[in-house]
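*Asks:* So here's protein-v3.cif, just mmCIF, C-alpha atoms:
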```cif
data_data
loop_
_atom_site.label_atom_id
_atom_site.label_comp_id
_atom_site.auth_asym_id
_atom_site.auth_seq_id
_atom_site.Cartn_x
_atom_site.Cartn_y
_atom_site.Cartn_z
CA MET Q 1 6.55 -6.64 -28.55
CA ASP Q 2 8.44 -3.33 -28.93
CA LYS Q 3 7.47 -0.31 -26.83
CA GLN Q 4 5.76 1.59 -29.62
CA LYS Q 5 3.62 -1.42 -30.55
CA LEU Q 6 2.82 -1.98 -26.87
CA TYR Q 7 1.77 1.67 -26.52
CA GLU Q 8 -0.54 1.35 -29.50
CA GLU Q 9 -2.09 -1.85 -28.17
CA LEU Q 10 -2.66 -0.35 -24.73
CA GLN Q 11 -4.59 2.52 -26.31
CA ARG Q 12 -7.11 -0.05 -27.56
CA LEU Q 13 -7.78 -1.03 -23.95
CA ILE Q 14 -7.38 2.20 -22.00
CA PRO Q 15 -8.06 5.86 -22.89
CA LYS Q 16 -4.82 7.45 -24.10
CA GLU Q 17 -4.90 10.13 -21.40
CA HIS Q 18 -4.67 7.36 -18.77
CA ILE Q 19 -1.41 5.93 -20.17
CA LYS Q 20 2.01 7.40 -19.39
CA GLN Q 21 5.26 6.21 -20.97
CA ASP Q 22 8.64 6.22 -19.14
CA GLU Q 23 6.93 7.77 -16.13
CA PRO Q 24 9.05 8.52 -13.00
CA LEU Q 25 7.48 6.63 -10.11
CA ASN Q 26 8.91 8.89 -7.41
CA GLN Q 27 5.82 11.02 -7.97
CA TYR Q 28 3.63 8.13 -6.81
CA THR Q 29 5.42 6.88 -3.67
CA PHE Q 30 5.32 8.28 -0.16
CA THR Q 31 9.12 8.12 0.08
CA LYS Q 32 9.40 10.27 -3.10
CA THR Q 33 11.87 7.74 -4.52
CA GLY Q 34 11.83 5.18 -7.35
CA GLY Q 35 12.81 4.82 -10.99
CA LYS Q 36 10.65 4.91 -14.12
CA ALA Q 37 7.83 2.66 -15.28
CA ASP Q 38 7.95 1.62 -18.93
CA PHE Q 39 4.19 2.22 -19.00
CA LEU Q 40 2.03 3.57 -16.20
CA VAL Q 41 -1.68 2.88 -16.66
CA LEU Q 42 -4.45 4.43 -14.55
CA PRO Q 43 -7.63 2.45 -15.30
CA SER Q 44 -11.00 3.84 -14.28
CA THR Q 45 -13.17 0.70 -14.54
CA TYR Q 46 -12.93 -2.93 -13.45
CA GLU Q 47 -13.19 -3.98 -17.09
CA GLU Q 48 -10.08 -1.94 -17.96
CA VAL Q 49 -8.14 -3.65 -15.15
CA GLN Q 50 -9.34 -7.04 -16.36
CA ASN Q 51 -8.38 -6.20 -19.96
CA CYS Q 52 -4.88 -5.19 -18.87
CA ILE Q 53 -4.40 -8.43 -16.96
CA LEU Q 54 -5.53 -10.57 -19.88
CA PHE Q 55 -3.48 -8.53 -22.37
CA SER Q 56 -0.30 -8.74 -20.30
CA ARG Q 57 -0.80 -12.47 -19.70
CA GLU Q 58 -1.46 -13.26 -23.37
CA ASN Q 59 1.62 -11.30 -24.47
CA ALA Q 60 3.95 -12.29 -21.60
CA ILE Q 61 4.37 -8.66 -20.52
CA PRO Q 62 5.27 -8.04 -16.85
CA LEU Q 63 2.41 -6.44 -14.90
CA THR Q 64 2.78 -4.70 -11.52
CA ILE Q 65 -0.05 -3.34 -9.39
CA LEU Q 66 0.64 -0.41 -7.09
CA GLY Q 67 -1.64 0.90 -4.37
CA ASN Q 68 -1.07 4.51 -3.45
CA GLY Q 69 2.64 3.93 -2.79
CA SER Q 70 2.45 4.37 0.98
CA ASN Q 71 4.16 1.19 2.20
CA LEU Q 72 6.45 0.70 -0.76
CA ILE Q 73 10.01 1.21 -1.97
CA ILE Q 74 10.59 1.06 -5.73
CA ARG Q 75 14.22 0.49 -6.63
CA ASP Q 76 15.99 3.17 -8.68
CA GLY Q 77 16.03 1.01 -11.83
CA GLY Q 78 12.25 1.30 -12.04
CA ILE Q 79 9.75 -1.30 -13.26
CA ARG Q 80 9.61 -2.98 -16.66
CA GLY Q 81 6.40 -3.65 -18.52
CA ILE Q 82 3.06 -2.25 -17.32
CA VAL Q 83 2.40 -0.66 -13.94
CA LEU Q 84 -1.23 -0.25 -12.87
CA ILE Q 85 -2.25 2.36 -10.30
CA LEU Q 86 -5.91 2.12 -9.33
CA SER Q 87 -6.27 5.58 -7.79
CA HIS Q 88 -8.96 6.58 -10.32
CA MET Q 89 -11.21 3.86 -8.87
CA ASP Q 90 -12.01 5.50 -5.54
CA ARG Q 91 -15.78 5.44 -4.96
CA ILE Q 92 -17.13 4.82 -1.44
CA PHE Q 93 -20.84 4.15 -0.91
CA MET Q 94 -23.40 2.16 1.08
CA LYS Q 95 -25.00 -0.92 -0.45
CA ASP Q 96 -27.05 -3.70 1.16
CA GLY Q 97 -26.12 -2.51 4.63
CA LEU Q 98 -22.36 -2.53 3.95
CA ILE Q 99 -19.78 0.15 3.20
CA VAL Q 100 -18.41 -0.57 -0.27
CA ALA Q 101 -15.06 0.99 -1.17
CA GLN Q 102 -13.19 0.67 -4.44
CA SER Q 103 -9.55 -0.35 -4.19
CA GLY Q 104 -8.13 3.06 -5.11
CA ALA Q 105 -9.93 4.87 -2.29
CA THR Q 106 -7.80 5.62 0.75
CA ILE Q 107 -8.58 3.68 3.90
CA ILE Q 108 -8.51 7.03 5.74
CA ASN Q 109 -11.41 8.24 3.58
CA VAL Q 110 -13.29 5.02 4.31
CA SER Q 111 -12.95 5.73 8.05
CA ARG Q 112 -14.21 9.28 7.47
CA TYR Q 113 -17.14 8.00 5.43
CA ALA Q 114 -17.92 5.55 8.25
CA LEU Q 115 -18.06 8.49 10.67
CA GLU Q 116 -20.47 10.31 8.34
CA GLN Q 117 -22.68 7.20 8.35
CA SER Q 118 -22.38 6.74 12.15
CA VAL Q 119 -20.62 3.41 11.58
CA THR Q 120 -18.14 2.20 14.21
CA GLY Q 121 -15.23 -0.21 13.88
CA LEU Q 122 -13.09 1.65 11.36
CA GLU Q 123 -11.73 4.27 13.75
CA PHE Q 124 -8.33 2.53 13.84
CA ALA Q 125 -7.89 3.25 10.11
CA CYS Q 126 -8.17 7.05 10.41
CA GLY Q 127 -4.38 7.45 10.20
CA ILE Q 128 -3.33 4.60 7.91
CA PRO Q 129 -2.03 6.23 4.71
CA GLY Q 130 -2.80 3.38 2.33
CA SER Q 131 -5.33 2.48 -0.33
CA VAL Q 132 -8.20 0.09 0.32
CA GLY Q 133 -6.60 -2.46 -2.00
CA GLY Q 134 -3.28 -2.26 -0.20
CA ALA Q 135 -4.91 -2.34 3.22
CA VAL Q 136 -6.80 -5.54 2.40
CA TYR Q 137 -3.78 -7.09 0.65
CA MET Q 138 -1.62 -6.76 3.78
CA ASN Q 139 -4.36 -6.76 6.44
CA ALA Q 140 -3.30 -3.29 7.55
CA GLY Q 141 -3.83 -2.35 11.15
CA ALA Q 142 -3.09 0.15 13.90
CA TYR Q 143 -4.02 0.77 17.53
CA ASP Q 144 -5.38 -2.74 18.21
CA GLY Q 145 -7.54 -2.79 15.08
CA ASP Q 146 -7.03 -4.31 11.65
CA ILE Q 147 -8.87 -5.03 8.42
CA SER Q 148 -9.74 -8.61 9.43
CA GLN Q 149 -12.00 -7.24 12.19
CA VAL Q 150 -14.18 -5.14 9.90
CA ILE Q 151 -14.14 -6.54 6.37
CA ASP Q 152 -17.12 -8.58 5.18
CA SER Q 153 -15.88 -9.58 1.71
CA ALA Q 154 -13.80 -8.42 -1.25
CA LEU Q 155 -14.12 -8.54 -5.02
CA VAL Q 156 -10.80 -9.60 -6.55
CA LEU Q 157 -9.25 -10.49 -9.88
CA THR Q 158 -7.05 -13.54 -10.19
CA GLU Q 159 -3.84 -13.59 -12.24
CA GLU Q 160 -5.91 -15.28 -14.98
CA GLY Q 161 -8.37 -12.36 -15.04
CA GLU Q 162 -11.18 -14.22 -13.25
CA LEU Q 163 -13.50 -12.29 -10.92
CA LEU Q 164 -13.94 -13.78 -7.45
CA THR Q 165 -15.78 -12.68 -4.33
CA LEU Q 166 -13.94 -13.77 -1.19
CA THR Q 167 -15.49 -13.81 2.29
CA ASN Q 168 -13.58 -12.68 5.35
CA GLU Q 169 -12.71 -16.28 6.20
CA GLU Q 170 -11.62 -17.10 2.65
CA MET Q 171 -9.18 -14.17 2.63
CA GLU Q 172 -7.10 -15.84 5.38
CA LEU Q 173 -6.19 -12.49 6.92
CA THR Q 174 -3.26 -12.77 9.32
CA TYR Q 175 -0.63 -10.34 10.62
CA ARG Q 176 0.39 -8.26 7.58
CA SER Q 177 -0.59 -11.05 5.20
CA SER Q 178 -3.52 -12.60 3.34
CA LEU Q 179 -4.47 -15.20 0.75
CA ILE Q 180 -4.73 -12.27 -1.67
CA ALA Q 181 -1.04 -11.48 -1.21
CA LYS Q 182 -0.01 -15.12 -1.41
CA ARG Q 183 -1.86 -15.72 -4.68
CA GLY Q 184 -1.22 -12.38 -6.34
CA TYR Q 185 -4.88 -11.40 -6.57
CA ILE Q 186 -5.89 -7.80 -7.32
CA VAL Q 187 -8.45 -6.21 -5.01
CA LEU Q 188 -11.13 -4.29 -6.93
CA GLU Q 189 -13.39 -3.42 -4.01
CA ALA Q 190 -13.90 -4.21 -0.34
CA ARG Q 191 -17.14 -4.40 1.62
CA PHE Q 192 -17.04 -3.47 5.28
CA ALA Q 193 -19.46 -4.29 8.07
CA ALA Q 194 -21.60 -1.32 9.05
CA LYS Q 195 -22.16 -1.58 12.79
CA LYS Q 196 -23.99 1.50 13.99
CA GLY Q 197 -22.39 3.62 16.68
CA GLU Q 198 -22.63 7.03 18.31
CA PRO Q 199 -21.11 9.75 16.07
CA GLU Q 200 -19.68 11.66 19.05
CA ALA Q 201 -17.90 8.57 20.38
CA ILE Q 202 -16.59 7.62 16.92
CA LYS Q 203 -15.23 11.12 16.32
CA ALA Q 204 -13.68 11.29 19.79
CA ARG Q 205 -11.81 8.03 19.19
CA MET Q 206 -10.62 9.19 15.75
CA ASP Q 207 -9.45 12.51 17.21
CA GLU Q 208 -7.56 10.64 19.93
CA LEU Q 209 -5.83 8.32 17.44
CA THR Q 210 -5.00 11.23 15.11
CA PHE Q 211 -3.35 13.07 18.02
CA LEU Q 212 -1.34 9.97 18.98
CA ARG Q 213 -0.20 9.47 15.40
CA GLU Q 214 0.75 13.10 14.81
CA SER Q 215 2.63 13.33 18.12
CA LYS Q 216 4.63 10.13 17.63
CA GLN Q 217 5.19 9.76 13.88
CA PRO Q 218 7.49 11.89 11.68
CA LEU Q 219 4.77 13.13 9.34
CA GLU Q 220 6.79 16.21 8.45
CA TYR Q 221 9.03 14.12 6.14
CA PRO Q 222 8.28 11.70 3.29
CA SER Q 223 8.46 8.09 4.50
CA CYS Q 224 7.10 4.63 3.79
CA GLY Q 225 5.61 4.33 7.27
CA SER Q 226 6.68 1.55 9.59
CA VAL Q 227 9.59 -0.21 7.89
CA PHE Q 228 9.84 -3.43 9.90
CA LYS Q 229 7.39 -6.05 11.12
CA ARG Q 230 7.10 -6.54 14.86
CA PRO Q 231 9.46 -9.40 15.80
CA PRO Q 232 7.96 -11.95 18.24
CA GLY Q 233 8.51 -10.76 21.81
CA TYR Q 234 9.99 -7.41 20.81
CA PHE Q 235 9.19 -4.02 19.30
CA ALA Q 236 11.21 -3.11 16.22
CA GLY Q 237 11.37 0.58 17.11
CA LYS Q 238 12.68 -0.16 20.61
CA LEU Q 239 15.41 -2.47 19.26
CA ILE Q 240 16.47 0.21 16.77
CA GLN Q 241 16.40 2.92 19.43
CA ASP Q 242 18.41 0.79 21.88
CA SER Q 243 20.94 0.19 19.09
CA LYS Q 244 21.47 3.98 19.05
CA LEU Q 245 20.52 4.18 15.38
CA GLN Q 246 18.16 7.15 15.56
CA GLY Q 247 19.48 9.97 13.42
CA VAL Q 248 21.80 7.68 11.45
CA SER Q 249 21.74 8.61 7.76
CA ILE Q 250 22.84 7.18 4.44
CA GLY Q 251 22.50 9.76 1.69
CA GLY Q 252 19.14 11.48 2.17
CA ALA Q 253 17.59 8.57 4.12
CA GLN Q 254 17.58 8.82 7.91
CA VAL Q 255 16.36 6.70 10.82
CA SER Q 256 13.79 9.08 12.29
CA THR Q 257 14.73 10.88 15.47
CA LYS Q 258 11.02 10.99 16.35
CA HIS Q 259 10.11 7.31 15.83
CA ALA Q 260 12.87 4.74 15.37
CA GLY Q 261 10.64 2.43 13.34
CA PHE Q 262 10.49 4.98 10.50
CA ILE Q 263 13.06 5.88 7.85
CA VAL Q 264 12.48 9.34 6.41
CA ASN Q 265 13.58 11.17 3.30
CA THR Q 266 15.29 14.30 4.62
CA GLY Q 267 15.98 15.52 1.09
CA ASN Q 268 16.82 13.94 -2.26
CA ALA Q 269 17.10 10.39 -0.91
CA THR Q 270 17.23 7.59 -3.45
CA ALA Q 271 15.70 4.15 -3.09
CA THR Q 272 19.27 2.84 -2.85
CA ASP Q 273 19.84 5.09 0.18
CA TYR Q 274 16.75 3.59 1.80
CA LEU Q 275 17.75 0.01 1.07
CA ASN Q 276 21.31 0.49 2.29
CA LEU Q 277 20.05 2.04 5.51
CA ILE Q 278 17.56 -0.81 6.01
CA LYS Q 279 20.41 -3.33 5.67
CA HIS Q 280 22.54 -1.36 8.12
CA VAL Q 281 19.71 -1.30 10.68
CA GLN Q 282 19.08 -5.04 10.26
CA LYS Q 283 22.80 -5.85 10.63
CA THR Q 284 23.23 -3.66 13.72
CA VAL Q 285 20.13 -4.99 15.51
CA LYS Q 286 21.19 -8.56 14.73
CA GLU Q 287 24.65 -7.92 16.16
CA ASN Q 288 23.28 -6.24 19.30
CA PHE Q 289 20.27 -8.39 20.11
CA GLY Q 290 20.38 -11.48 17.89
CA VAL Q 291 17.01 -10.49 16.38
CA ASP Q 292 16.29 -10.62 12.65
CA LEU Q 293 14.20 -7.63 11.59
CA GLU Q 294 11.92 -8.51 8.69
CA THR Q 295 10.75 -5.69 6.45
CA GLU Q 296 7.08 -4.77 6.47
CA VAL Q 297 7.56 -2.33 3.60
CA LYS Q 298 7.24 -3.93 0.16
CA ILE Q 299 10.36 -3.60 -2.01
CA ILE Q 300 10.00 -3.99 -5.78
CA GLY Q 301 11.62 -2.94 -9.05
CA GLU Q 302 15.03 -3.31 -10.61
CA GLU Q 303 18.49 -2.23 -9.54
CA GLN Q 304 19.78 0.82 -11.36
#
```
Can you give me the file's structure in the form of structure tokens?

*Replies:*
Amino acid sequence: MDKQKLYEELQRLIPKEHIKQDEPLNQYTFTKTGGKADFLVLPSTYEEVQNCILFSRENAIPLTILGNGSNLIIRDGGIRGIVLILSHMDRIFMKDGLIVAQSGATIINVSRYALEQSVTGLEFACGIPGSVGGAVYMNAGAYDGDISQVIDSALVLTEEGELLTLTNEEMELTYRSSLIAKRGYIVLEARFAAKKGEPEAIKARMDELTFLRESKQPLEYPSCGSVFKRPPGYFAGKLIQDSKLQGVSIGGAQVSTKHAGFIVNTGNATATDYLNLIKHVQKTVKENFGVDLETEVKIIGEEQ
């Protein structure tokens, strides 16, 4: 199917104003890097997401789902086919004693909503810059908390366009992984336990974690957050720091001088700069300590 025909067909499924052609994706990633999407679609209903999945499957068109681009590097060649960003689906509300959050909502806003409702357990998420869908997909966590500890269930779409409700146990949430990631499911909404707490104590904990995050992380620059998974028995940031890599740059990408586990965009970095610097860090740490650093950040798209 040629691009013009594809554009016309998409307009039958999604309002025209929610479809962008040849859209630069650097506007949608926290690193401010990435090539163009052939078609960027911003659905506003679950039915529109389902229609896109079925349409792409029936016509053998590549389909990529992005969260809010926080833990992601998109290569400079961009992404072919259809890219879905679910940021227009961002409602958060209480239902049947649970906090329900659509996948495009930020997990930070869920933690803030929990505070408003005097619900405890989500304090750890007050500084995680990801979407609900992305947080569930990778079982995001920080400061001794993670999604597996608070999620009750999730509504997902399979690659065949089937709606499923998965319980906490069925999601198989492990360190930075889940059944959802393994099977390529799309999270539509998550339902979180609503354990009542004291508002003052919840706010105090969130303030404490916000201070820790702001004092330790290089929030003054664009970045994809923590780049590497924690290797067994080690801390990635400490290995990188001990390898004297802080401040090392390739193009506009730099190993943060504030937190060695972060790579920041100091100005006009490309995705290729990021990827080359990641390889350099991995090679140097391997040579110095014999440890293989595995990326936590998701890397997608085509070479330029």

*Asks:* Written as a PyMOL selection string, what is the full residue list that the PyMOL selection byres ((chain Q and resi 46-62) around 9) yields on the file shown?

*Replies:* chain Q and resi 1+9-10+13-14+41-45+63-64+79-84+86+89+157-163+188

*Asks:* Can you work out which one of Q:Ile85, Q:Val150, Q:Ala101, Q:Ala135 has the shortest atom-to-atom distance to Ile180 in chain Q, counting only C-alpha atoms?

*Replies:*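 Using only C-alpha atoms, Ile180 in chain Q sits closest to Q:Ala135.
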
*Asks:* If I take CA of Gly247 in chain Q and CA of Leu72 in chain Q, how far is one from the other in Å, to one decimal?

*Replies:*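 If I compute the distance from CA of Gly247 in chain Q to CA of Leu72 in chain Q, I get 21.4 Å.
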
*Asks:* What are the closest atom pairs, with distances in Å to one decimal, for all residues of range 142-246 of chain Q lying within 7 Å of range 256-264 of chain Q? Consider all atoms listed in the file, order rows by chain and residue number, and present the result as a Markdown table.

*Replies:*
```
| residue | atom | partner | partner_atom | distance |
| --- | --- | --- | --- | --- |
| Q:Lys216 | CA | Q:His259 | CA | 6.4 |
| Q:Gln217 | CA | Q:His259 | CA | 5.8 |
| Q:Pro218 | CA | Q:Lys258 | CA | 5.9 |
| Q:Tyr221 | CA | Q:Val264 | CA | 5.9 |
| Q:Pro222 | CA | Q:Val264 | CA | 5.7 |
| Q:Ser223 | CA | Q:Val264 | CA | 4.6 |
| Q:Gly225 | CA | Q:Phe262 | CA | 5.9 |
| Q:Ser226 | CA | Q:Phe262 | CA | 5.2 |
| Q:Val227 | CA | Q:Phe262 | CA | 5.9 |
| Q:Phe228 | CA | Q:Gly261 | CA | 6.8 |
| Q:Ala236 | CA | Q:Gly261 | CA | 6.3 |
| Q:Gly237 | CA | Q:Gly261 | CA | 4.3 |
| Q:Ile240 | CA | Q:Ala260 | CA | 6.0 |
| Q:Gln241 | CA | Q:Ala260 | CA | 5.7 |
| Q:Gln246 | CA | Q:Thr257 | CA | 5.1 |
```

*Asks:* Could you tell me, as a PyMOL selection string, exactly which residues end up selected when the PyMOL selection byres ((chain Q and resi 184) around 10) is applied to this structure?

*Replies:* chain Q and resi 65+137+156-159+178-183+185-187

*Asks:* Please evaluate the PyMOL selection byres ((chain Q and resi 271) around 6) against the structure above and give the resulting residues as JSON, numbers by chain.

*Replies:* {"Q": [33, 34, 75, 76, 270, 272, 273, 274]}
